[in-house]
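Enquirer: Got a structure for you, written out below as structure tokens; questions coming shortly.
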Amino acid sequence: MDDLTRAVEAALFAAEAPMTTDQLAALLNGAAVLPALHALVDDYAERGVHLVERGGRWQFQTAPDLAHLLRRTREQPRRLSRAATEVLAIIAYHEPVSRAQIEAIRGVQTAKGTLDVLLEAGWVRVAGRRDVPGRPVIYATTADFLSHFGLASRRDLPGIDELRAAGLLDPVDEAFEALARGEEADEQGALEKGGESA
Amino acid sequence: MDDLTRAVEAALFAAEAPMTTDQLAALLNGAAVLPALHALVDDYAERGVHLVERGGRWQFQTAPDLAHLLRRTREQPRRLSRAATEVLAIIAYHEPVSRAQIEAIRGVQTAKGTLDVLLEAGWVRVAGRRDVPGRPVIYATTADFLSHFGLASRRDLPGIDELRAAGLLDPVDEAFEALARGEEADEQGALEKGGESA
Amino acid sequence: MNEPDLFSPPAAEADKLHLELDGWEGPLDLLLDLARRQKVDLRQISILALVDQYLAFIEAERMRLELAADYLVMAAWLAYLKSALLLPREEQPDPDPEELALRLQLRLQRLNAMRDAAARLMARDRLGRDVFARGAPEGLRLDRRTRWQCDWFGLVSSYGQVQVRTRPVVHMVRERPVMTLDSALDRVSAMLGITLDWMELREFLPARDGEWTEPRLRRSALASSFVAALELAKQGRAQLRQDVTFGPLHLRRLA
């Protein structure tokens, strides 16, 4: 590799932004850099790094076929908060349902973030708008929701009578205590207890 | 060039900081990256960009002989005071070393700012405390120090082997005892003429 | 001079010192600089000549500047060293001046070694000055995505809790037999009127028969009587006494 090509290679490597041939030439005492650029393009063609021209500016970049190696996604498991679980359950039992309805059923206001979490988890979707004044957004569960919870359909969710038989409608002190401690407020930020919708 | 080598090349190229072999392997699904690294070192040996190892971390950098072309566009790194360069050398050649040891060699107290400059530059770190009365803090150099000065490891410090062989990294007391015992009679021949051991 | 090799005349006497004291970091630094001017291996340096140079320099500078104390301390020590070195060998004091000279020489060698090492270090190809890392790395992106977790039971039981929480609830408060404070007050003050002796608080409670056998009612009576006793004491109508902590409480009429 000749010295000019080496210099062009080093200059582009160290550059903080893509460079035009004029900029390169100015750096390299007016040398004719184009042949060196073409030699480098060929040199790098089969490598993990390519030399490319974009709108008259030259830059190195990693080979597109390796992008998957350089962008990694790490999944972090995290438990759904109590508030989000309740909202999810209400949507599942009552869908399609508006936010105001959810709040009426829960007896507390629902923080914006709570629904966002469920949308992000892919368990809840926006199912349109209700045809009433204000046209509120209504929410429903997704196919992912069913598969995550091992349900063939929403009809597989236990009914009120079954819940009672299973003791799930007995008062749970813990639930009240958690509310009293403001656990939801911690998790959801601006959540206010005892909303006006009760 | 095989796919692993291409991937290692692309990863180091895209990385914002030097990478260890472990980090590379983690990125590339546990592949054995060392052969690929060595292949790349050879590949780039004659080019304008080199692949180098600094303190166990690998990085691409421009070839030193092209410095004159690239330097003009760059800000000079911070100039260190003579005191700071001496303190840095003492830490590098003697590490881990306490402030008192540094001062014993320099024969002068170390201004507070001198060590701070080196710590701030990221070249020196606190390496714990010595287990002697007063538990003095001890200092050592960092991986960034090796990167900055182009050292693969501390063994590459200029002249360190000669200094060690000549006893010049030993404290004065030790060197004096050794001379008094005549253990280093051969190496230190010239001193004997003036010493009391004659 | 019994060691002519070591204490040979300075090699570079010609070097006139026109130096600012600010240029040195302390006396050892100045000594090393003077030693380097002898242009010989530090191992063969003439300590005596070095001492002379240092003393001459300090003398000259003293006229011009306020010398820092450590320079003067070093000068005094070197003057002592010089005189000791010039003594005939058998008269040399303890510690041996040649040992002191050797130690000084060793220190100068060590400082010199580090000064050279620093210079060689700084002259290396330095990242950001001589060699350059990638200017605009694309970066290895690590996207963090949350995988939300919730199980069937959690879902269903939280729905149950919503139902429980929002279902209308009727609270029933059962009536409980109590002795009111008013009746306790009447009772205790009436009984205090009977005697001037100390009486234990429990003696003021109704006898154990009929409804007064009921433990909760007795507890209520005891509590009300206690509050009544406190009230009477406050009004200056009764006196309270308790001999030990948690012991029986006695009261009597205040005449």
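Residue numbers start at 1 in each chain; chains themselves are named A, B, ... in the order of the structure tokens; ligands are numbered from 1 in the order shown.
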Up to 8 Å from chain C, what residues of chain B turn up? Count only C-alpha atoms and give them as a ChimeraX atom specification.
Expert: /B:11,13-16,59-64,66-68,70-71,74-77,83,85-86,88-90,105-108,147-150,157-159,163,168-169,172-173,175-176,190-191,193-196
Enquirer: Distance table requested - chain A against chain B, cut-off 7 Å, only C-alpha atoms: one row per qualifying residue with the closest atom pair and its distance in Å to one decimal, ordered by chain and rising residue number, as CSV.
Expert:
residue,atom,partner,partner_atom,distance
A:Met1,CA,B:Arg47,CA,6.7
A:Arg6,CA,B:Gly48,CA,4.0
A:Ala7,CA,B:Gly48,CA,5.8
A:Glu9,CA,B:Gly48,CA,5.6
A:Ala10,CA,B:Gly48,CA,4.9
A:Ala11,CA,B:Leu70,CA,6.6
A:Leu27,CA,B:Leu69,CA,6.9
A:Leu28,CA,B:Leu69,CA,6.8
A:Arg47,CA,B:Arg6,CA,5.5
A:Gly48,CA,B:Arg6,CA,4.0
A:Val49,CA,B:Ala10,CA,5.6
A:Thr62,CA,B:Ala10,CA,5.3
A:Leu66,CA,B:Ala7,CA,6.5
A:Leu69,CA,B:Leu28,CA,6.8
A:Leu70,CA,B:Ala11,CA,6.5
Enquirer: Go ahead and write the residues just picked, N, CA and C atoms, as a PDB file, in the first residue's frame.
Expert:
ATOM      1  N   MET A   1       0.857  -1.202   0.000  1.00  0.00           N
ATOM      2  CA  MET A   1       0.000   0.000   0.000  1.00  0.00           C
ATOM      3  C   MET A   1       0.889   1.248   0.000  1.00  0.00           C
ATOM      4  N   ARG A   6      -2.215   5.086   2.378  1.00  0.00           N
ATOM      5  CA  ARG A   6      -2.160   4.938   3.836  1.00  0.00           C
ATOM      6  C   ARG A   6      -2.624   6.222   4.524  1.00  0.00           C
ATOM      7  N   ALA A   7      -2.182   7.356   3.986  1.00  0.00           N
ATOM      8  CA  ALA A   7      -2.541   8.634   4.602  1.00  0.00           C
ATOM      9  C   ALA A   7      -4.047   8.893   4.478  1.00  0.00           C
ATOM     10  N   GLU A   9      -6.354   6.631   4.176  1.00  0.00           N
ATOM     11  CA  GLU A   9      -6.983   5.672   5.074  1.00  0.00           C
ATOM     12  C   GLU A   9      -6.977   6.208   6.511  1.00  0.00           C
ATOM     13  N   ALA A  10      -5.830   6.659   6.965  1.00  0.00           N
ATOM     14  CA  ALA A  10      -5.714   7.156   8.342  1.00  0.00           C
ATOM     15  C   ALA A  10      -6.562   8.408   8.549  1.00  0.00           C
ATOM     16  N   ALA A  11      -6.556   9.281   7.567  1.00  0.00           N
ATOM     17  CA  ALA A  11      -7.301  10.542   7.705  1.00  0.00           C
ATOM     18  C   ALA A  11      -8.799  10.269   7.829  1.00  0.00           C
ATOM     19  N   LEU A  27      -5.700  18.365   3.269  1.00  0.00           N
ATOM     20  CA  LEU A  27      -4.956  17.777   4.389  1.00  0.00           C
ATOM     21  C   LEU A  27      -3.640  17.184   3.889  1.00  0.00           C
ATOM     22  N   LEU A  28      -3.692  16.625   2.668  1.00  0.00           N
ATOM     23  CA  LEU A  28      -2.541  15.858   2.175  1.00  0.00           C
ATOM     24  C   LEU A  28      -1.759  16.656   1.122  1.00  0.00           C
ATOM     25  N   ARG A  47     -14.278  -6.797   3.462  1.00  0.00           N
ATOM     26  CA  ARG A  47     -13.936  -6.799   4.882  1.00  0.00           C
ATOM     27  C   ARG A  47     -15.141  -6.457   5.747  1.00  0.00           C
ATOM     28  N   GLY A  48     -14.883  -6.356   7.059  1.00  0.00           N
ATOM     29  CA  GLY A  48     -15.953  -6.023   8.002  1.00  0.00           C
ATOM     30  C   GLY A  48     -16.269  -4.539   8.011  1.00  0.00           C
ATOM     31  N   VAL A  49     -15.420  -3.769   7.345  1.00  0.00           N
ATOM     32  CA  VAL A  49     -15.579  -2.321   7.279  1.00  0.00           C
ATOM     33  C   VAL A  49     -15.540  -1.938   5.806  1.00  0.00           C
ATOM     34  N   THR A  62     -19.212   0.252   9.112  1.00  0.00           N
ATOM     35  CA  THR A  62     -19.191  -1.203   9.246  1.00  0.00           C
ATOM     36  C   THR A  62     -20.063  -1.816   8.155  1.00  0.00           C
ATOM     37  N   LEU A  66     -23.202  -7.027   8.942  1.00  0.00           N
ATOM     38  CA  LEU A  66     -22.772  -7.311  10.322  1.00  0.00           C
ATOM     39  C   LEU A  66     -23.565  -6.502  11.344  1.00  0.00           C
ATOM     40  N   LEU A  69     -24.801  -7.901  14.568  1.00  0.00           N
ATOM     41  CA  LEU A  69     -23.844  -8.195  15.640  1.00  0.00           C
ATOM     42  C   LEU A  69     -23.559  -6.961  16.485  1.00  0.00           C
ATOM     43  N   LEU A  70     -23.702  -5.803  15.870  1.00  0.00           N
ATOM     44  CA  LEU A  70     -23.284  -4.574  16.532  1.00  0.00           C
ATOM     45  C   LEU A  70     -24.428  -3.868  17.233  1.00  0.00           C
TER      46      LEU A  70
END
Enquirer: Go ahead and compute the interatomic distance for atom CA of C:Pro88 and atom CA of C:Ala76, in Å to one decimal.
Expert: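 Computing the Euclidean distance for atom CA of C:Pro88 and atom CA of C:Ala76 yields 20.7 Å.
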Enquirer: Quote the C-alpha RMSD, in Å to one decimal, that results from superposing chain A on chain B by least squares across all C-alpha atoms in order.
Expert: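 With chain A fitted onto chain B, the C-alpha RMSD reads 20.3 Å.
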Enquirer: List as a list of chain:residue names the protein and nucleic acid residues near A:Arg155, meaning an atom at most 12 Å away when only C-alpha atoms are counted, but skip any in the same chain fewer than 6 places from it.
Expert: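 Close residues of A:Arg155: A:Ala92, A:Tyr93, A:His94, A:Glu95, A:Leu146.
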Enquirer: Grab the atom CA of A:Val126 to atom CA of A:Ala140 distance for me, in Å with one decimal place.
Expert: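 So the two atoms, atom CA of A:Val126 and atom CA of A:Ala140, lie 6.4 Å apart.
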Enquirer: Just asking: which residues within stretch 9-198 of chain B are helix (DSSP H, G or I) according to DSSP, as a PyMOL selection string?
Expert: chain B and resi 9-14+21-27+34-44+64-73+82-94+99-106+112-120+143-148+154-156+160-165+172-181+189-194
Enquirer: So how many Å separate atom CA of C:Ala221 and atom CA of C:Ala207, to one decimal?
Expert: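 Separating atom CA of C:Ala221 from atom CA of C:Ala207 is a distance of 11.2 Å.
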Enquirer: Show me, as a PDB file with N, CA and C atoms, in the first residue's frame, the residues that have an atom within 9 Å of B:Thr114 when counting only C-alpha atoms, minus same-chain residues fewer than 6 positions from it.
Expert:
ATOM      1  N   SER B  81       2.808  19.519  33.482  1.00  0.00           N
ATOM      2  CA  SER B  81       3.956  20.181  34.103  1.00  0.00           C
ATOM      3  C   SER B  81       5.077  19.159  34.297  1.00  0.00           C
ATOM      4  N   ALA B  83       6.599  18.550  37.002  1.00  0.00           N
ATOM      5  CA  ALA B  83       6.293  17.814  38.234  1.00  0.00           C
ATOM      6  C   ALA B  83       5.336  16.662  37.932  1.00  0.00           C
ATOM      7  N   ALA B  84       4.303  16.955  37.140  1.00  0.00           N
ATOM      8  CA  ALA B  84       3.298  15.928  36.857  1.00  0.00           C
ATOM      9  C   ALA B  84       3.906  14.790  36.037  1.00  0.00           C
ATOM     10  N   VAL B  87       5.987  12.682  38.430  1.00  0.00           N
ATOM     11  CA  VAL B  87       5.145  11.889  39.326  1.00  0.00           C
ATOM     12  C   VAL B  87       4.529  10.725  38.548  1.00  0.00           C
TER      13      VAL B  87
END
Enquirer: Within stretch 64-165 of chain A, find each residue whose DSSP state, derived from the backbone, is strand (DSSP E), and express the selection as a list of chain:residue names.
Expert: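 Listing strand (DSSP E) positions across stretch 64-165 of chain A yields A:Arg71, A:Arg72, A:Thr73, A:Arg74, A:Glu75, A:Gln76, A:Pro77, A:Arg78, A:Arg79, A:Val97, A:Ser98, A:Val124, A:Arg125, A:Val126, A:Ala127, A:Gly128, A:Arg129, A:Val137, A:Ile138, A:Tyr139, A:Ala140, A:Thr141.
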Enquirer: C:Val73, C:Val173, C:Val227, C:Leu205: which is nearest C:Arg187, counting only C-alpha atoms?
Expert: C:Leu205
Enquirer: Write out as an NGL selection string each polymer residue whose atoms come within 7 Å of stretch 127-139 of chain B, counting only C-alpha atoms; drop sequence neighbours fewer than 3 positions from it.
Expert: :B and (91 or 95-98 or 124)
Enquirer: Just write the chosen residues, N, CA and C atoms, as a tab-separated table (two decimals), in the first residue's frame.
Expert:
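Listed below is the output, result-v3.tsv:
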chain	number	residue	atom	x	y	z
B	91	ILE	N	5.08	6.80	39.41
B	91	ILE	CA	3.97	5.88	39.66
B	91	ILE	C	4.06	4.70	38.69
B	95	GLU	N	4.80	1.34	40.62
B	95	GLU	CA	3.47	1.08	41.17
B	95	GLU	C	3.36	-0.28	41.84
B	96	PRO	N	2.47	-0.40	42.86
B	96	PRO	CA	1.73	0.71	43.47
B	96	PRO	C	2.62	1.47	44.42
B	97	VAL	N	2.41	2.77	44.53
B	97	VAL	CA	3.35	3.60	45.26
B	97	VAL	C	2.58	4.67	46.04
B	98	SER	N	3.07	4.98	47.24
B	98	SER	CA	2.39	5.99	48.06
B	98	SER	C	2.97	7.36	47.77
B	124	VAL	N	-4.01	7.75	36.21
B	124	VAL	CA	-3.61	7.25	37.52
B	124	VAL	C	-4.88	6.97	38.30
